[in-house]
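I have placed the structure first, in the form of structure tokens, so that the comments after it can refer back to it.
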Amino acid sequence: MVCVGHTANGEVPALPGTGVGSSASAGVLPTAQPRARVPLYDLTACLKLAAANYPKVNEARARLRQKQSQLSQAEAAPYSNFSSTAGVGLAPTTRGTNIYSPDSDASLSSDLGLGWQVGIEGGVPLWTFGKISGLIEAAQAQVQVGQHEISKERNSALLQVRTAYYGVQLARDSIALVDEAKRRIDKYLPRLEQSVEEGDGDDIDLLKMKMYRADLDTRYAEARREEFKALSGLRFLTGATGLFDIPDDPLSRLPHRLAPLSRYLDAARLFRPEINMARAGKVARAAQWNLERARSYPDVALGLSAKWARAPQVTDQRNPFVSDDANTFRYGFALGMKWNLDFLSQYARIDEAKAKVEEMEATEKFAAGGVAVEVEQAFRDAEAADTRLRSVLIALDYSKQWLVKVQQGIDVGTMDEQDIVDPAKEYALRRFGYISAIFDYNTALSRLAQATGWVAVLDEN
């Protein structure tokens, strides 16, 4: 049975354990390893693994959690301005009233006991002229920045995964193409050698065929090298451990058909993470500007306090005009105001915050303009790749017709074996050009999807 990189419910399966041997540690499929025993991960599974395991994506997730914690702090901070104190200590016996006491004023005596007290005090803001709302709004905008940053890193990782995945498919299709060309040449090479030995063949044509045959071995080795390199990169991107491979599916063109450029520009304005990050950043800067302006006004708050103290060895004084810190229970509330009168410095901070808003506005314009250029360039690349793919397909059809006619001529005896070299070589080159054009088109669409942030570009359904 072959282990495919999807479970029945669509979840990503658990990664296999580390294999034994140098090939397992390298993360690629060794030539001697039976392919049926290696877990296979299709493109969808690779994308899910990369989105879950790629370090840059997880780094962005950690930064988002930091911003979410800052938002929680901003929401709780205005109502957390309370402090509590408590203590316990020795208290000497003290009797009497404010008029007469049989005890001296010595702080220590032979008759000691324990005394304790607990107190709490703080304030609840009632009106801050926008300080609280500005702080929370700025923190919420920073959370949005963090969310779009995750999308940015994820899109970058998925582009690399697609490029590596298509690269493996391209390499394997090239290997299959080389094997096919080898079989075709090996079919006619012995006949040409026999003809040369009998004096009916051309030595030059035989050398050309042998040279082409040797060149195929070189192409095969290069394709294998590219396959292992792409698999190694794909394994790192997905975070897989142990043996790793993908299904032996041929490289096929993505079904998406290019729409007008304006559609992709509109999609980029809606979905591109960098643009959304700039927008959220501008909201955060504007909220900070409002916060600085609000700090020019006072804070109105409700002050609350309560204290309970008890010392059994000390006589409790009931007279309200006598201070008694040993035995007391007090509570109270009051309306208060706090105003920072540092106006000159505050005006400078307001101007600084306004300048940061203008900076983010310029950054947003720059991001929108730069993304538009990037989208148009990616669109033109995809457009050119699409045109090239159509042209190469036509040339491939002609080269196949040429090869078939030559093969038929050899079979019926109207053509010689050496005549197969040129059409076979041309057909192989055209086949490789065709699969290369598919690779270029798919990767161009992947770059267009990253440039727009629009995943529907890569919809394979």
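A note on labels: chains of the structure tokens are A, B, ... as shown, every chain counts residues from 1, and ligands are counted from 1 in their shown order.
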Original post:
Hey, what's within 9 Å of range 385-399 of chain A if we count only C-alpha atoms and toss same-chain stuff fewer than 3 positions away? As a PyMOL selection string, please?
Top reply: chain A and resi 258+380-382+402-404+423-424+426-431+433-438+440-442+444
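Each of A:Ser296, A:Asn319, A:Gln144, A:Val375 was compared to Asn340 in chain A using only C-alpha atoms, and A:Ser296 turns out to be the nearest.
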Find the residues near range 170-183 of chain A: any atom within 9 Å, counting only C-alpha atoms, skip ones fewer than 5 places away on the same chain, and give them as a compact mmCIF listing (two decimals) with C-alpha atoms, in the first residue's frame.
```
# COMPACT_ATOMS: atom_id res chain seq x y z
CA TYR A 165 6.75 20.65 -6.18
CA TYR A 188 18.08 1.72 -34.10
CA ARG A 213 23.07 8.62 -26.89
CA LEU A 216 21.14 11.46 -22.98
CA ASP A 217 23.02 9.88 -20.08
CA ARG A 219 20.72 14.73 -19.29
CA TYR A 220 19.49 11.87 -17.15
CA ALA A 221 22.04 12.57 -14.42
CA GLU A 222 21.21 16.28 -14.44
CA ALA A 223 17.48 15.55 -14.16
CA ARG A 224 18.07 13.22 -11.21
CA ARG A 225 20.15 15.90 -9.52
CA GLU A 226 17.40 18.49 -9.95
CA GLU A 227 14.83 15.99 -8.64
CA PHE A 228 16.73 15.40 -5.40
CA ALA A 230 13.79 20.00 -5.34
CA ASP A 248 4.49 10.21 -9.62
CA ASP A 249 1.91 12.38 -11.33
CA PRO A 250 2.94 14.13 -14.54
CA LEU A 251 3.26 17.87 -14.57
CA ALA A 424 14.19 12.01 -32.42
CA LYS A 425 16.41 14.74 -31.00
CA ALA A 428 12.76 15.19 -27.40
CA ARG A 431 8.79 17.57 -25.48
CA PHE A 432 11.15 19.01 -22.91
CA ILE A 435 6.92 20.42 -20.04
CA SER A 436 9.26 23.34 -19.29
CA ILE A 438 4.02 24.08 -18.32
CA PHE A 439 6.41 24.56 -15.41
```
Original post:
Quick one, how far is CA of Ile136 in chain A from CA of Ser72 in chain A?
Top reply: 8.7 Å
Subject >> Counting only C-alpha atoms, the residue of A:Gln450, A:Gln147, A:Thr328, A:Thr44 that sits nearest Tyr264 in chain A >> reply: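 For Tyr264 in chain A, the nearest of the given residues is A:Gln450.
For the pair CA of Val371 in chain A and CA of Ala50 in chain A, the separation is 24.4 Å.
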Original post:
Residues of range 110-345 of chain A in alpha helix (DSSP H) according to DSSP, as an MDAnalysis selection string?
Top reply: chainID A and resid 131:197 203:238 261:271 273:294 343:345
**OP:** Write out as a VMD selection string each polymer residue whose atoms come within 8 Å of range 93-99 of chain A, counting only C-alpha atoms; drop sequence neighbours fewer than 4 positions from it.
**Re:** chain A and resid 103 109 111 to 113 313 to 315 317 322
Keeping all heavy atoms, export the residues of the selection given above as a PDB file, in the first residue's frame.
```pdb
ATOM      1  N   ASP A 103      -0.773  52.601  80.537  1.00  0.00           N
ATOM      2  CA  ASP A 103       0.445  52.120  79.883  1.00  0.00           C
ATOM      3  C   ASP A 103       1.307  53.285  79.450  1.00  0.00           C
ATOM      4  O   ASP A 103       0.824  54.407  79.228  1.00  0.00           O
ATOM      5  CB  ASP A 103       0.101  51.246  78.681  1.00  0.00           C
ATOM      6  CG  ASP A 103      -0.737  50.040  79.075  1.00  0.00           C
ATOM      7  OD1 ASP A 103      -0.377  49.396  80.077  1.00  0.00           O
ATOM      8  OD2 ASP A 103      -1.734  49.748  78.371  1.00  0.00           O
ATOM      9  N   SER A 109       7.143  46.085  75.034  1.00  0.00           N
ATOM     10  CA  SER A 109       6.889  45.716  76.427  1.00  0.00           C
ATOM     11  C   SER A 109       6.909  44.207  76.529  1.00  0.00           C
ATOM     12  O   SER A 109       7.033  43.505  75.518  1.00  0.00           O
ATOM     13  CB  SER A 109       5.536  46.290  76.896  1.00  0.00           C
ATOM     14  OG  SER A 109       4.484  45.661  76.198  1.00  0.00           O
ATOM     15  N   ASP A 111       4.452  42.438  77.343  1.00  0.00           N
ATOM     16  CA  ASP A 111       3.143  41.895  76.968  1.00  0.00           C
ATOM     17  C   ASP A 111       2.855  42.282  75.516  1.00  0.00           C
ATOM     18  O   ASP A 111       2.408  43.389  75.230  1.00  0.00           O
ATOM     19  CB  ASP A 111       2.064  42.454  77.903  1.00  0.00           C
ATOM     20  CG  ASP A 111       0.728  41.755  77.690  1.00  0.00           C
ATOM     21  OD1 ASP A 111       0.702  40.772  76.895  1.00  0.00           O
ATOM     22  OD2 ASP A 111      -0.262  42.185  78.271  1.00  0.00           O
ATOM     23  N   LEU A 112       3.205  41.382  74.613  1.00  0.00           N
ATOM     24  CA  LEU A 112       3.059  41.652  73.169  1.00  0.00           C
ATOM     25  C   LEU A 112       2.039  40.714  72.552  1.00  0.00           C
ATOM     26  O   LEU A 112       1.823  39.591  73.009  1.00  0.00           O
ATOM     27  CB  LEU A 112       4.401  41.476  72.456  1.00  0.00           C
ATOM     28  CG  LEU A 112       5.538  42.428  72.847  1.00  0.00           C
ATOM     29  CD1 LEU A 112       6.822  42.050  72.141  1.00  0.00           C
ATOM     30  CD2 LEU A 112       5.151  43.867  72.512  1.00  0.00           C
ATOM     31  N   GLY A 113       1.419  41.176  71.500  1.00  0.00           N
ATOM     32  CA  GLY A 113       0.494  40.367  70.723  1.00  0.00           C
ATOM     33  C   GLY A 113       0.670  40.643  69.231  1.00  0.00           C
ATOM     34  O   GLY A 113       1.590  41.357  68.813  1.00  0.00           O
ATOM     35  N   GLN A 313      -4.620  43.622  71.357  1.00  0.00           N
ATOM     36  CA  GLN A 313      -3.991  44.128  72.575  1.00  0.00           C
ATOM     37  C   GLN A 313      -4.111  45.634  72.711  1.00  0.00           C
ATOM     38  O   GLN A 313      -3.715  46.208  73.736  1.00  0.00           O
ATOM     39  CB  GLN A 313      -2.509  43.735  72.604  1.00  0.00           C
ATOM     40  CG  GLN A 313      -2.260  42.258  72.894  1.00  0.00           C
ATOM     41  CD  GLN A 313      -2.551  41.409  71.669  1.00  0.00           C
ATOM     42  OE1 GLN A 313      -2.602  41.932  70.557  1.00  0.00           O
ATOM     43  NE2 GLN A 313      -2.792  40.118  71.875  1.00  0.00           N
ATOM     44  N   VAL A 314      -4.619  46.283  71.675  1.00  0.00           N
ATOM     45  CA  VAL A 314      -4.737  47.747  71.695  1.00  0.00           C
ATOM     46  C   VAL A 314      -6.219  48.098  71.848  1.00  0.00           C
ATOM     47  O   VAL A 314      -7.067  47.574  71.116  1.00  0.00           O
ATOM     48  CB  VAL A 314      -4.154  48.363  70.415  1.00  0.00           C
ATOM     49  CG1 VAL A 314      -4.312  49.879  70.439  1.00  0.00           C
ATOM     50  CG2 VAL A 314      -2.679  47.978  70.269  1.00  0.00           C
ATOM     51  N   THR A 315      -6.477  48.978  72.782  1.00  0.00           N
ATOM     52  CA  THR A 315      -7.865  49.399  73.008  1.00  0.00           C
ATOM     53  C   THR A 315      -8.398  50.131  71.798  1.00  0.00           C
ATOM     54  O   THR A 315      -7.766  51.042  71.254  1.00  0.00           O
ATOM     55  CB  THR A 315      -7.953  50.312  74.243  1.00  0.00           C
ATOM     56  OG1 THR A 315      -7.437  49.618  75.382  1.00  0.00           O
ATOM     57  CG2 THR A 315      -9.393  50.736  74.508  1.00  0.00           C
ATOM     58  N   GLN A 317     -10.326  52.729  69.924  1.00  0.00           N
ATOM     59  CA  GLN A 317     -10.794  54.088  70.212  1.00  0.00           C
ATOM     60  C   GLN A 317     -12.050  54.376  69.385  1.00  0.00           C
ATOM     61  O   GLN A 317     -12.013  54.329  68.155  1.00  0.00           O
ATOM     62  CB  GLN A 317      -9.693  55.102  69.880  1.00  0.00           C
ATOM     63  CG  GLN A 317      -8.389  54.857  70.602  1.00  0.00           C
ATOM     64  CD  GLN A 317      -8.525  54.994  72.105  1.00  0.00           C
ATOM     65  OE1 GLN A 317      -9.245  55.886  72.598  1.00  0.00           O
ATOM     66  NE2 GLN A 317      -7.851  54.122  72.852  1.00  0.00           N
ATOM     67  N   VAL A 322     -10.195  60.863  67.174  1.00  0.00           N
ATOM     68  CA  VAL A 322      -8.929  60.268  67.612  1.00  0.00           C
ATOM     69  C   VAL A 322      -8.439  59.321  66.529  1.00  0.00           C
ATOM     70  O   VAL A 322      -9.191  58.445  66.077  1.00  0.00           O
ATOM     71  CB  VAL A 322      -9.105  59.513  68.945  1.00  0.00           C
ATOM     72  CG1 VAL A 322      -7.802  58.815  69.329  1.00  0.00           C
ATOM     73  CG2 VAL A 322      -9.550  60.469  70.028  1.00  0.00           C
TER      74      VAL A 322
END
```
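Nearest-residue note for Arg235 in chain A: choosing from A:Ala367, A:Val168, A:Ile275, A:Leu445, the minimum distance belongs to A:Val168, counting only C-alpha atoms.
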**OP:** List every residue of range 222-408 of chain A that DSSP, applied to the backbone of this structure, assigns to strand (DSSP E), and report them as a ChimeraX atom specification.
**Re:** /A:299-310,328-338
**OP:** One decimal, Å: what's the distance from CA of Ala76 in chain A over to CA of Pro273 in chain A, could you say?
**Re:**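 Computed distance, CA of Ala76 in chain A to CA of Pro273 in chain A, equals 29.3 Å.
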Subject >> Selection: 10 Å around Pro55 in chain A, only C-alpha atoms, excl. self and same-chain fewer than 5 positions, as a ChimeraX atom specification >> reply: /A:50,60-61,153,157,236-239
Subject >> A:Glu149, A:Asp42, A:Glu137, A:Asp205 ranked by distance to Glu75 in chain A, top pick (using only C-alpha atoms) >> reply: A:Glu137
Subject >> Pick from A:Val457, A:Leu265, A:Val421, A:Leu341, whichever lies nearest to Glu376 in chain A using only C-alpha atoms >> reply: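 Under the stated criterion, the closest residue is A:Leu265.
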Shell of 12 Å around Ile132 in chain A, only C-alpha atoms, local chain residues under 4 positions omitted, as a JSON list (two decimals) with all heavy atoms, in the first residue's frame:
```
[["chain", "number", "residue", "atom", "x", "y", "z"],
["A", 71, "LEU", "N", -3.06, 43.83, 23.17],
["A", 71, "LEU", "CA", -4.45, 44.27, 23.12],
["A", 71, "LEU", "C", -5.17, 43.95, 24.42],
["A", 71, "LEU", "O", -5.93, 44.79, 24.95],
["A", 71, "LEU", "CB", -5.16, 43.59, 21.94],
["A", 71, "LEU", "CG", -6.67, 43.82, 21.83],
["A", 71, "LEU", "CD1", -7.00, 45.31, 21.72],
["A", 71, "LEU", "CD2", -7.26, 43.05, 20.66],
["A", 73, "GLN", "N", -3.83, 43.68, 27.34],
["A", 73, "GLN", "CA", -3.33, 44.62, 28.33],
["A", 73, "GLN", "C", -3.98, 45.99, 28.17],
["A", 73, "GLN", "O", -4.34, 46.65, 29.17],
["A", 73, "GLN", "CB", -1.81, 44.76, 28.19],
["A", 73, "GLN", "CG", -1.03, 43.49, 28.51],
["A", 73, "GLN", "CD", 0.44, 43.64, 28.24],
["A", 73, "GLN", "OE1", 1.00, 44.73, 28.37],
["A", 73, "GLN", "NE2", 1.08, 42.55, 27.85],
["A", 74, "ALA", "N", -4.14, 46.44, 26.91],
["A", 74, "ALA", "CA", -4.75, 47.75, 26.68],
["A", 74, "ALA", "C", -6.20, 47.78, 27.15],
["A", 74, "ALA", "O", -6.69, 48.80, 27.67],
["A", 74, "ALA", "CB", -4.67, 48.10, 25.20],
["A", 75, "GLU", "N", -6.92, 46.66, 26.97],
["A", 75, "GLU", "CA", -8.32, 46.61, 27.40],
["A", 75, "GLU", "C", -8.46, 46.54, 28.91],
["A", 75, "GLU", "O", -9.43, 47.07, 29.47],
["A", 75, "GLU", "CB", -8.99, 45.40, 26.75],
["A", 75, "GLU", "CG", -9.14, 45.51, 25.24],
["A", 75, "GLU", "CD", -9.66, 44.23, 24.61],
["A", 75, "GLU", "OE1", -9.53, 43.17, 25.25],
["A", 75, "GLU", "OE2", -10.18, 44.28, 23.49],
["A", 76, "ALA", "N", -7.49, 45.91, 29.58],
["A", 76, "ALA", "CA", -7.62, 45.74, 31.03],
["A", 76, "ALA", "C", -6.92, 46.83, 31.84],
["A", 76, "ALA", "O", -7.29, 47.07, 33.00],
["A", 76, "ALA", "CB", -7.05, 44.37, 31.43],
["A", 77, "ALA", "N", -5.93, 47.48, 31.23],
["A", 77, "ALA", "CA", -5.11, 48.44, 32.00],
["A", 77, "ALA", "C", -5.91, 49.57, 32.64],
["A", 77, "ALA", "O", -5.67, 49.91, 33.81],
["A", 77, "ALA", "CB", -4.01, 49.00, 31.10],
["A", 78, "PRO", "N", -6.86, 50.22, 31.95],
["A", 78, "PRO", "CA", -7.57, 51.34, 32.59],
["A", 78, "PRO", "C", -8.36, 50.94, 33.83],
["A", 78, "PRO", "O", -8.63, 51.79, 34.69],
["A", 78, "PRO", "CB", -8.52, 51.84, 31.48],
["A", 78, "PRO", "CG", -7.90, 51.36, 30.21],
["A", 78, "PRO", "CD", -7.27, 50.05, 30.55],
["A", 79, "TYR", "N", -8.72, 49.67, 33.93],
["A", 79, "TYR", "CA", -9.53, 49.24, 35.07],
["A", 79, "TYR", "C", -8.73, 48.38, 36.04],
["A", 79, "TYR", "O", -9.30, 47.65, 36.85],
["A", 79, "TYR", "CB", -10.75, 48.45, 34.55],
["A", 79, "TYR", "CG", -11.50, 49.21, 33.50],
["A", 79, "TYR", "CD1", -11.33, 48.94, 32.15],
["A", 79, "TYR", "CD2", -12.37, 50.25, 33.86],
["A", 79, "TYR", "CE1", -12.01, 49.66, 31.17],
["A", 79, "TYR", "CE2", -13.06, 50.96, 32.89],
["A", 79, "TYR", "CZ", -12.87, 50.67, 31.56],
["A", 79, "TYR", "OH", -13.55, 51.38, 30.59],
["A", 124, "VAL", "N", -11.38, 54.15, 39.20],
["A", 124, "VAL", "CA", -12.04, 53.70, 37.99],
["A", 124, "VAL", "C", -12.22, 54.91, 37.08],
["A", 124, "VAL", "O", -12.88, 55.89, 37.47],
["A", 124, "VAL", "CB", -13.41, 53.06, 38.30],
["A", 124, "VAL", "CG1", -14.11, 52.66, 37.01],
["A", 124, "VAL", "CG2", -13.23, 51.86, 39.21],
["A", 125, "PRO", "N", -11.64, 54.91, 35.88],
["A", 125, "PRO", "CA", -11.78, 56.08, 35.00],
["A", 125, "PRO", "C", -13.22, 56.26, 34.54],
["A", 125, "PRO", "O", -13.88, 55.30, 34.13],
["A", 125, "PRO", "CB", -10.84, 55.74, 33.83],
["A", 125, "PRO", "CG", -10.73, 54.26, 33.84],
["A", 125, "PRO", "CD", -10.83, 53.84, 35.27],
["A", 126, "LEU", "N", -13.68, 57.48, 34.61],
["A", 126, "LEU", "CA", -15.03, 57.79, 34.15],
["A", 126, "LEU", "C", -15.01, 58.52, 32.81],
["A", 126, "LEU", "O", -15.86, 58.28, 31.95],
["A", 126, "LEU", "CB", -15.75, 58.65, 35.20],
["A", 126, "LEU", "CG", -15.93, 58.02, 36.58],
["A", 126, "LEU", "CD1", -16.63, 58.99, 37.50],
["A", 126, "LEU", "CD2", -16.70, 56.71, 36.47],
["A", 127, "TRP", "N", -14.04, 59.42, 32.64],
["A", 127, "TRP", "CA", -13.98, 60.19, 31.40],
["A", 127, "TRP", "C", -12.51, 60.53, 31.14],
["A", 127, "TRP", "O", -11.87, 61.18, 31.94],
["A", 127, "TRP", "CB", -14.82, 61.47, 31.51],
["A", 127, "TRP", "CG", -14.95, 62.19, 30.20],
["A", 127, "TRP", "CD1", -14.29, 63.30, 29.80],
["A", 127, "TRP", "CD2", -15.79, 61.83, 29.13],
["A", 127, "TRP", "NE1", -14.65, 63.66, 28.53],
["A", 127, "TRP", "CE2", -15.60, 62.77, 28.08],
["A", 127, "TRP", "CE3", -16.71, 60.79, 28.91],
["A", 127, "TRP", "CZ2", -16.27, 62.71, 26.87],
["A", 127, "TRP", "CZ3", -17.39, 60.73, 27.71],
["A", 127, "TRP", "CH2", -17.16, 61.68, 26.70],
["A", 128, "THR", "N", -12.01, 60.03, 30.01],
["A", 128, "THR", "CA", -10.59, 60.23, 29.67],
["A", 128, "THR", "C", -10.42, 60.98, 28.36],
["A", 128, "THR", "O", -9.29, 61.08, 27.87],
["A", 128, "THR", "CB", -9.86, 58.89, 29.59],
["A", 128, "THR", "OG1", -10.43, 58.10, 28.53],
["A", 128, "THR", "CG2", -9.96, 58.13, 30.91],
["A", 136, "ILE", "N", -6.98, 51.26, 22.84],
["A", 136, "ILE", "CA", -7.54, 49.98, 22.39],
["A", 136, "ILE", "C", -7.58, 49.91, 20.87],
["A", 136, "ILE", "O", -7.25, 48.89, 20.26],
["A", 136, "ILE", "CB", -8.94, 49.77, 22.99],
["A", 136, "ILE", "CG1", -8.84, 49.62, 24.51],
["A", 136, "ILE", "CG2", -9.61, 48.56, 22.38],
["A", 136, "ILE", "CD1", -10.18, 49.50, 25.21],
["A", 137, "GLU", "N", -7.96, 51.01, 20.23],
["A", 137, "GLU", "CA", -8.02, 51.02, 18.77],
["A", 137, "GLU", "C", -6.63, 50.81, 18.15],
["A", 137, "GLU", "O", -6.49, 50.09, 17.17],
["A", 137, "GLU", "CB", -8.61, 52.35, 18.28],
["A", 137, "GLU", "CG", -8.82, 52.41, 16.78],
["A", 137, "GLU", "CD", -9.45, 53.72, 16.33],
["A", 137, "GLU", "OE1", -9.70, 54.57, 17.21],
["A", 137, "GLU", "OE2", -9.68, 53.89, 15.12],
["A", 138, "ALA", "N", -5.62, 51.42, 18.72],
["A", 138, "ALA", "CA", -4.26, 51.23, 18.23],
["A", 138, "ALA", "C", -3.82, 49.78, 18.40],
["A", 138, "ALA", "O", -3.20, 49.19, 17.50],
["A", 138, "ALA", "CB", -3.29, 52.16, 18.95],
["A", 139, "ALA", "N", -4.14, 49.17, 19.53],
["A", 139, "ALA", "CA", -3.77, 47.77, 19.76],
["A", 139, "ALA", "C", -4.52, 46.84, 18.81],
["A", 139, "ALA", "O", -3.96, 45.85, 18.32],
["A", 139, "ALA", "CB", -4.04, 47.40, 21.21],
["A", 287, "ALA", "N", -4.84, 56.26, 15.55],
["A", 287, "ALA", "CA", -5.31, 56.07, 16.92],
["A", 287, "ALA", "C", -4.30, 56.61, 17.93],
["A", 287, "ALA", "O", -4.67, 57.19, 18.95],
["A", 287, "ALA", "CB", -5.57, 54.58, 17.17],
["A", 288, "GLN", "N", -3.02, 56.43, 17.65],
["A", 288, "GLN", "CA", -2.00, 56.98, 18.54],
["A", 288, "GLN", "C", -2.00, 58.51, 18.52],
["A", 288, "GLN", "O", -1.74, 59.15, 19.54],
["A", 288, "GLN", "CB", -0.63, 56.43, 18.13],
["A", 288, "GLN", "CG", -0.47, 54.94, 18.40],
["A", 288, "GLN", "CD", 0.80, 54.37, 17.83],
["A", 288, "GLN", "OE1", 1.53, 55.04, 17.10],
["A", 288, "GLN", "NE2", 1.08, 53.11, 18.14],
["A", 290, "ASN", "N", -4.69, 60.35, 18.01],
["A", 290, "ASN", "CA", -5.83, 60.72, 18.84],
["A", 290, "ASN", "C", -5.52, 60.54, 20.32],
["A", 290, "ASN", "O", -5.98, 61.32, 21.17],
["A", 290, "ASN", "CB", -7.05, 59.88, 18.45],
["A", 290, "ASN", "CG", -7.55, 60.19, 17.05],
["A", 290, "ASN", "OD1", -7.36, 61.30, 16.56],
["A", 290, "ASN", "ND2", -8.15, 59.21, 16.40],
["A", 291, "LEU", "N", -4.76, 59.51, 20.64],
["A", 291, "LEU", "CA", -4.39, 59.27, 22.03],
["A", 291, "LEU", "C", -3.52, 60.40, 22.58],
["A", 291, "LEU", "O", -3.74, 60.88, 23.71],
["A", 291, "LEU", "CB", -3.64, 57.94, 22.13],
["A", 291, "LEU", "CG", -3.07, 57.56, 23.50],
["A", 291, "LEU", "CD1", -4.19, 57.46, 24.53],
["A", 291, "LEU", "CD2", -2.30, 56.25, 23.42],
["A", 292, "GLU", "N", -2.57, 60.87, 21.78],
["A", 292, "GLU", "CA", -1.72, 61.97, 22.23],
["A", 292, "GLU", "C", -2.52, 63.25, 22.41],
["A", 292, "GLU", "O", -2.28, 64.02, 23.34],
["A", 292, "GLU", "CB", -0.57, 62.18, 21.25],
["A", 292, "GLU", "CG", 0.45, 61.05, 21.21],
["A", 292, "GLU", "CD", 1.13, 60.85, 22.54],
["A", 292, "GLU", "OE1", 1.20, 61.81, 23.35],
["A", 292, "GLU", "OE2", 1.58, 59.73, 22.82],
["A", 294, "ALA", "N", -5.65, 63.35, 23.21],
["A", 294, "ALA", "CA", -6.49, 63.17, 24.39],
["A", 294, "ALA", "C", -5.70, 63.38, 25.67],
["A", 294, "ALA", "O", -6.27, 63.77, 26.71],
["A", 294, "ALA", "CB", -7.11, 61.77, 24.38],
["A", 295, "ARG", "N", -4.40, 63.16, 25.63],
["A", 295, "ARG", "CA", -3.58, 63.35, 26.82],
["A", 295, "ARG", "C", -3.40, 64.82, 27.19],
["A", 295, "ARG", "O", -2.85, 65.12, 28.25],
["A", 295, "ARG", "CB", -2.22, 62.69, 26.62],
["A", 295, "ARG", "CG", -2.27, 61.16, 26.71],
["A", 295, "ARG", "CD", -0.95, 60.51, 26.37],
["A", 295, "ARG", "NE", -1.03, 59.07, 26.58],
["A", 295, "ARG", "CZ", -0.13, 58.19, 26.14],
["A", 295, "ARG", "NH1", 0.92, 58.64, 25.45],
["A", 295, "ARG", "NH2", -0.28, 56.91, 26.37],
["A", 299, "ASP", "N", -7.96, 63.58, 33.27],
["A", 299, "ASP", "CA", -8.67, 62.32, 33.50],
["A", 299, "ASP", "C", -9.60, 62.50, 34.70],
["A", 299, "ASP", "O", -9.19, 63.00, 35.74],
["A", 299, "ASP", "CB", -7.69, 61.19, 33.80],
["A", 299, "ASP", "CG", -6.85, 60.83, 32.60],
["A", 299, "ASP", "OD1", -7.29, 61.09, 31.46],
["A", 299, "ASP", "OD2", -5.74, 60.28, 32.78]]
```
